[in-house]
Amino acid sequence: MATETRSPLTLLSSEARASPVPLLYRRRSSHDVNNLATVSSSLLPAFGTVVGEGSLQLRKYIIAPYDRRYRWWQTFLVVLVVYSAWSSPFELAFKKVGTGALLPLDLAVDAIFAIDIVLTFFVAYLDKSTYLLVDDHKKIAVRYVTHLGFPMDIASTLPFQTLHRIFNGKSHENQLFRFLNLLRLWRLRRVSELFTRLEKDTRFSYFWARSFKLICVTAFTVHSAGCFYFWLATHYKTPANTWIGAHVSHFENRSIWLGYTYSIYWSIVTLTTVGYGDLHAENTGEKIFNIFYMLFNIGLTAYLIGNMTNLVVHSAVQTFAMRDTINEVLHYASKNRLPERLKEQMLAHVQLKFKTAELQQEEVLEGLPKAIRSSITQHLFHGLVEKTYLFQGVSEDLIIQLVSDMKAEYFPPKVDIILQNEIPTDFYVIASGAVDVMIYRNGTEQYLKGLKKEMLEEIPSVTELLDDFNSEQIASIEGPQHDETPDYGRDANTKGTASTPSSCPLPLRIIIHGHHPDEKTADDDKMGKIIHLPGSLEDLLSLAEKKFGKRGSTVLVEDGSEVEDLRAIRENDRLFIF
């Protein structure tokens, strides 16, 4: 006996083994943490560290580094860092904006970062030895002051040119101040930390977060190189003998945005290795800068291509794995000369496995604790198992134990699930889909239609299925019924006596043709005629004579084999009588 699927099937399999039902213990969580994705993985205690209930209560005026409000403050600072990354090289190249329109905005940004410096003295930090948050004011202050970040934060925040004007009482245009403003680029480390969190945060797409990071790196490189190249041109002794002076006369007195447009154009053309040649180095300093910039572009291009390749390949790994597995299955089936039916079942199983990979994910469940796995299975399968007729009336504890060990399995159509005479190790509960129960008789598969009364009582679903078949009309599509009613399936003790419809097996429906299987006929003859299989070969020949108007003597199946025993005929077989 074999069980075969008729449609995509979802089964719950389980091994019946007893295990005690544990009590439910749930770890308490802090009310300050609303999303685990925002908590750093390093904020975990070491093994053997005793964590009390009050260990998460920080001292007064101390801020937790994973506090939601503090996170929003850090995100706001990142927006200001983006402005600083743009304005610092821009003010170096174009001195007018450094002392004009952008000066008030620069002072406001510097004031906000000064507030952040003060705020850092009240933010708890993680002790690397104990992996616990330190909230002592003195320790926090000592750690921050002795760290490199404190003097760099001070240097990147102080407005040196404004302070010089305040203490000297006059404005002084000095190139040193404009280079000191480049210390603001120290703030870019905040952007790097933000992208690191975004790439690990499952709420955001890793592909788009990584792609946006690469775009930002490219844009900053283009902007910085263009601004510094323009600065070289403005400080050369002969402005006309520069890369831009050769095309734009008196460029230092022209519009700021004209010079910026030329600078960005040159930077992009050089970065992409297009090299039109319209803007090129005119003096030794510009040539040296071009050499280093092109060498840097080689590394940047390799970095960008490598990252984009990894992103694209990562998205297609599942497809490559499926194609490789299918090729291995085909090679194995061809090498061992497996039947076509087995090869189709193997391919269908592989394809369904990859299609349902997101639904199964057994490797994810295996890495979870036992209590979480049990809770998942109870949520998914408890209601279905509870309604199954086999478990009606059993205790709730038994159902919980069975469900805890269950897992979902998916089967494609026309795949054997349980084979005849196979020793079963699992049992299956049909969650969706349908199966056919078949039995081998005389070397052929027969759909199971005659079950004992005791078995029918144990399998209500099969009883309902047979009732649906019995409700159908047994009359033939064409011809009188008595010519097509079989009698070979009756028991020997009741042969020749009438039997009730519920006790006699249902007749087989077949399709007959009045020609040789290799003979070409009209379209109407190709369709054939549907009949119920008679009880003998002679009755079959007589019925064919009535249908086709000619007497035949030979009965063949589609592959050309001659039929000698009607018991070898299966449902929906095509017979050729001539």
# chains A, B, ... in the order shown; residues from 1 in each chain; ligands from 1

$ closest_atom_pairs --of "segment 75-135 of chain A" --to "segment 220-230 of chain A" --cutoff "9 Å" --atoms "only C-alpha atoms" --output "Markdown table"
| residue | atom | partner | partner_atom | distance |
| --- | --- | --- | --- | --- |
| A:Ala85 | CA | A:Phe220 | CA | 7.5 |
| A:Trp86 | CA | A:His223 | CA | 7.5 |
| A:Ser88 | CA | A:Ser224 | CA | 8.9 |
| A:Pro89 | CA | A:Ser224 | CA | 5.7 |
| A:Phe90 | CA | A:Cys227 | CA | 5.9 |
| A:Glu91 | CA | A:Cys227 | CA | 8.6 |
| A:Leu92 | CA | A:Cys227 | CA | 7.4 |
| A:Ala93 | CA | A:Cys227 | CA | 5.2 |
| A:Phe94 | CA | A:Cys227 | CA | 8.2 |

$ residues_around --residues "Leu119 of chain A" --least-positions-apart "6" --cutoff "12 Å" --atoms "only C-alpha atoms" --output "CSV table (one decimal) with C-alpha atoms, in the first residue's frame"
chain,number,residue,atom,x,y,z
A,61,TYR,CA,21.3,62.4,35.9
A,62,ILE,CA,22.9,59.4,34.2
A,63,ILE,CA,21.8,58.5,30.6
A,64,ALA,CA,21.8,54.9,29.3
A,65,PRO,CA,23.6,54.7,25.9
A,70,TYR,CA,19.6,59.7,23.4
A,73,TRP,CA,19.8,63.0,19.7
A,74,GLN,CA,22.6,61.0,18.1
A,112,ILE,CA,25.1,72.1,19.3
A,113,PHE,CA,28.2,69.8,19.3
A,137,HIS,CA,30.2,60.3,37.5
A,140,ILE,CA,32.7,58.5,33.3
A,141,ALA,CA,34.5,61.9,33.4
A,144,TYR,CA,36.2,60.6,28.5

$ select_by_dssp --residues "segment 114-271 of chain A" --states "strand (DSSP E)" --output "ChimeraX atom specification"
/A:125-126,133-134

$ write_last_selection --atoms "all heavy atoms" --output "PDB file, in the first residue's frame"
ATOM      1  N   TYR A 125      28.847  54.160  30.354  1.00  0.00           N
ATOM      2  CA  TYR A 125      29.623  53.400  29.367  1.00  0.00           C
ATOM      3  C   TYR A 125      29.727  51.950  29.815  1.00  0.00           C
ATOM      4  O   TYR A 125      29.467  51.601  30.968  1.00  0.00           O
ATOM      5  CB  TYR A 125      31.009  54.011  29.174  1.00  0.00           C
ATOM      6  CG  TYR A 125      31.947  53.853  30.351  1.00  0.00           C
ATOM      7  CD1 TYR A 125      32.822  52.766  30.455  1.00  0.00           C
ATOM      8  CD2 TYR A 125      31.973  54.798  31.381  1.00  0.00           C
ATOM      9  CE1 TYR A 125      33.676  52.623  31.533  1.00  0.00           C
ATOM     10  CE2 TYR A 125      32.815  54.665  32.468  1.00  0.00           C
ATOM     11  CZ  TYR A 125      33.670  53.573  32.540  1.00  0.00           C
ATOM     12  OH  TYR A 125      34.516  53.425  33.612  1.00  0.00           O
ATOM     13  N   LEU A 126      30.151  51.095  28.898  1.00  0.00           N
ATOM     14  CA  LEU A 126      30.227  49.659  29.155  1.00  0.00           C
ATOM     15  C   LEU A 126      31.637  49.287  29.580  1.00  0.00           C
ATOM     16  O   LEU A 126      32.605  49.556  28.865  1.00  0.00           O
ATOM     17  CB  LEU A 126      29.832  48.875  27.893  1.00  0.00           C
ATOM     18  CG  LEU A 126      29.730  47.356  28.055  1.00  0.00           C
ATOM     19  CD1 LEU A 126      28.517  47.000  28.896  1.00  0.00           C
ATOM     20  CD2 LEU A 126      29.643  46.696  26.689  1.00  0.00           C
ATOM     21  N   LEU A 133      27.189  48.271  32.708  1.00  0.00           N
ATOM     22  CA  LEU A 133      27.180  49.714  32.536  1.00  0.00           C
ATOM     23  C   LEU A 133      27.734  50.409  33.788  1.00  0.00           C
ATOM     24  O   LEU A 133      27.325  50.089  34.906  1.00  0.00           O
ATOM     25  CB  LEU A 133      25.761  50.208  32.249  1.00  0.00           C
ATOM     26  CG  LEU A 133      25.191  49.851  30.878  1.00  0.00           C
ATOM     27  CD1 LEU A 133      23.757  50.334  30.781  1.00  0.00           C
ATOM     28  CD2 LEU A 133      26.030  50.447  29.767  1.00  0.00           C
ATOM     29  N   VAL A 134      28.641  51.338  33.564  1.00  0.00           N
ATOM     30  CA  VAL A 134      29.225  52.115  34.654  1.00  0.00           C
ATOM     31  C   VAL A 134      28.514  53.462  34.701  1.00  0.00           C
ATOM     32  O   VAL A 134      28.483  54.196  33.707  1.00  0.00           O
ATOM     33  CB  VAL A 134      30.736  52.313  34.441  1.00  0.00           C
ATOM     34  CG1 VAL A 134      31.325  53.185  35.549  1.00  0.00           C
ATOM     35  CG2 VAL A 134      31.441  50.970  34.381  1.00  0.00           C
TER      36      VAL A 134
END

$ residues_around --residues "segment 188-199 of chain A" --least-positions-apart "6" --cutoff "12 Å" --atoms "only C-alpha atoms" --output "mmCIF file with C-alpha atoms, in the first residue's frame"
data_model
loop_
_atom_site.group_PDB
_atom_site.id
_atom_site.type_symbol
_atom_site.label_atom_id
_atom_site.label_comp_id
_atom_site.auth_asym_id
_atom_site.auth_seq_id
_atom_site.Cartn_x
_atom_site.Cartn_y
_atom_site.Cartn_z
ATOM 1 C CA ALA A 37 17.200 45.826 17.381
ATOM 2 C CA THR A 38 18.439 49.096 18.907
ATOM 3 C CA VAL A 39 20.404 47.410 21.724
ATOM 4 C CA SER A 40 24.094 46.853 21.113
ATOM 5 C CA SER A 41 25.196 43.213 21.212
ATOM 6 C CA TYR A 66 20.597 52.728 24.477
ATOM 7 C CA ARG A 71 19.426 57.685 20.196
ATOM 8 C CA TRP A 72 17.291 60.385 18.607
ATOM 9 C CA TRP A 73 19.774 62.999 19.743
ATOM 10 C CA GLN A 74 22.609 61.040 18.109
ATOM 11 C CA THR A 75 20.603 60.758 14.896
ATOM 12 C CA PHE A 76 20.052 64.525 14.878
ATOM 13 C CA LEU A 77 23.798 65.062 15.259
ATOM 14 C CA VAL A 78 24.402 62.853 12.228
ATOM 15 C CA VAL A 79 22.363 65.294 10.131
ATOM 16 C CA LEU A 80 24.638 68.105 11.326
ATOM 17 C CA VAL A 81 27.701 65.970 10.551
ATOM 18 C CA VAL A 82 26.529 65.725 6.940
ATOM 19 C CA TYR A 83 26.457 69.523 6.802
ATOM 20 C CA SER A 84 29.941 69.746 8.329
ATOM 21 C CA ALA A 85 31.292 67.226 5.806
ATOM 22 C CA TRP A 86 30.008 69.425 2.984
ATOM 23 C CA SER A 88 34.428 72.232 5.580
ATOM 24 C CA PHE A 113 28.233 69.827 19.303
ATOM 25 C CA GLY A 149 37.904 61.611 21.518
ATOM 26 C CA MET A 152 39.449 65.933 19.098
ATOM 27 C CA ASP A 153 35.858 66.860 19.989
ATOM 28 C CA SER A 156 36.548 70.153 15.980
ATOM 29 C CA LEU A 182 38.802 70.612 8.418
ATOM 30 C CA SER A 205 17.049 46.461 4.268
ATOM 31 C CA TYR A 206 20.742 45.575 4.372
ATOM 32 C CA PHE A 207 20.984 46.012 0.593
ATOM 33 C CA TRP A 208 19.678 49.581 0.594
ATOM 34 C CA ALA A 209 21.562 50.580 3.752
ATOM 35 C CA ARG A 210 24.830 49.336 2.274
ATOM 36 C CA SER A 211 24.106 50.891 -1.115
ATOM 37 C CA PHE A 212 23.311 54.272 0.467
ATOM 38 C CA LYS A 213 26.581 54.101 2.394
ATOM 39 C CA LEU A 214 28.540 53.500 -0.821
ATOM 40 C CA CYS A 216 27.639 58.710 0.435
ATOM 41 C CA VAL A 217 31.316 57.662 0.324
ATOM 42 C CA PHE A 220 32.046 62.873 -0.281
#

$ decode --residues "segment 312-342 of chain A" --atoms "N, CA and C atoms" --output "short mmCIF file (atom, residue, chain, number, x, y, z; two decimals), in the first residue's frame"
data_model
loop_
_atom_site.label_atom_id
_atom_site.label_comp_id
_atom_site.auth_asym_id
_atom_site.auth_seq_id
_atom_site.Cartn_x
_atom_site.Cartn_y
_atom_site.Cartn_z
N VAL A 312 24.90 41.83 -4.87
CA VAL A 312 24.16 41.18 -5.94
C VAL A 312 24.24 39.67 -5.82
N VAL A 313 25.44 39.15 -5.55
CA VAL A 313 25.60 37.70 -5.42
C VAL A 313 24.83 37.17 -4.23
N HIS A 314 24.82 37.92 -3.13
CA HIS A 314 24.10 37.47 -1.95
C HIS A 314 22.60 37.30 -2.22
N SER A 315 22.05 38.18 -3.04
CA SER A 315 20.62 38.08 -3.35
C SER A 315 20.31 36.90 -4.26
N ALA A 316 21.32 36.37 -4.97
CA ALA A 316 21.10 35.25 -5.89
C ALA A 316 21.67 33.93 -5.39
N VAL A 317 22.13 33.90 -4.14
CA VAL A 317 22.71 32.66 -3.60
C VAL A 317 21.68 31.53 -3.58
N GLN A 318 20.45 31.85 -3.21
CA GLN A 318 19.40 30.84 -3.14
C GLN A 318 19.14 30.24 -4.53
N THR A 319 19.14 31.06 -5.55
CA THR A 319 18.91 30.57 -6.91
C THR A 319 20.06 29.68 -7.38
N PHE A 320 21.29 30.10 -7.10
CA PHE A 320 22.44 29.29 -7.50
C PHE A 320 22.42 27.93 -6.80
N ALA A 321 22.08 27.93 -5.52
CA ALA A 321 22.03 26.67 -4.77
C ALA A 321 20.96 25.74 -5.33
N MET A 322 19.80 26.30 -5.71
CA MET A 322 18.74 25.46 -6.26
C MET A 322 19.15 24.87 -7.60
N ARG A 323 19.78 25.68 -8.46
CA ARG A 323 20.20 25.18 -9.77
C ARG A 323 21.26 24.10 -9.61
N ASP A 324 22.20 24.28 -8.70
CA ASP A 324 23.24 23.26 -8.49
C ASP A 324 22.63 21.96 -7.97
N THR A 325 21.68 22.08 -7.05
CA THR A 325 21.05 20.88 -6.51
C THR A 325 20.26 20.13 -7.57
N ILE A 326 19.54 20.86 -8.42
CA ILE A 326 18.77 20.23 -9.49
C ILE A 326 19.71 19.52 -10.47
N ASN A 327 20.83 20.15 -10.80
CA ASN A 327 21.79 19.50 -11.70
C ASN A 327 22.37 18.24 -11.09
N GLU A 328 22.64 18.26 -9.79
CA GLU A 328 23.14 17.06 -9.12
C GLU A 328 22.10 15.95 -9.11
N VAL A 329 20.82 16.31 -8.91
CA VAL A 329 19.76 15.30 -8.93
C VAL A 329 19.63 14.68 -10.32
N LEU A 330 19.68 15.51 -11.35
CA LEU A 330 19.58 14.98 -12.71
C LEU A 330 20.76 14.09 -13.04
N HIS A 331 21.95 14.49 -12.62
CA HIS A 331 23.14 13.66 -12.87
C HIS A 331 23.04 12.33 -12.13
N TYR A 332 22.58 12.37 -10.88
CA TYR A 332 22.45 11.14 -10.11
C TYR A 332 21.42 10.20 -10.73
N ALA A 333 20.27 10.76 -11.15
CA ALA A 333 19.24 9.93 -11.75
C ALA A 333 19.70 9.33 -13.07
N SER A 334 20.43 10.11 -13.86
CA SER A 334 20.92 9.59 -15.14
C SER A 334 22.00 8.55 -14.95
N LYS A 335 22.88 8.77 -13.97
CA LYS A 335 23.98 7.83 -13.75
C LYS A 335 23.46 6.49 -13.25
N ASN A 336 22.45 6.50 -12.40
CA ASN A 336 21.91 5.26 -11.84
C ASN A 336 20.71 4.73 -12.62
N ARG A 337 20.33 5.39 -13.71
CA ARG A 337 19.25 4.94 -14.59
C ARG A 337 17.95 4.73 -13.80
N LEU A 338 17.61 5.75 -13.03
CA LEU A 338 16.38 5.68 -12.25
C LEU A 338 15.18 5.85 -13.16
N PRO A 339 14.03 5.27 -12.79
CA PRO A 339 12.81 5.44 -13.60
C PRO A 339 12.41 6.91 -13.68
N GLU A 340 11.68 7.23 -14.74
CA GLU A 340 11.27 8.61 -14.95
C GLU A 340 10.40 9.12 -13.81
N ARG A 341 9.58 8.22 -13.27
CA ARG A 341 8.67 8.63 -12.18
C ARG A 341 9.46 9.03 -10.93
N LEU A 342 10.52 8.28 -10.60
CA LEU A 342 11.33 8.62 -9.44
C LEU A 342 12.10 9.93 -9.68
#
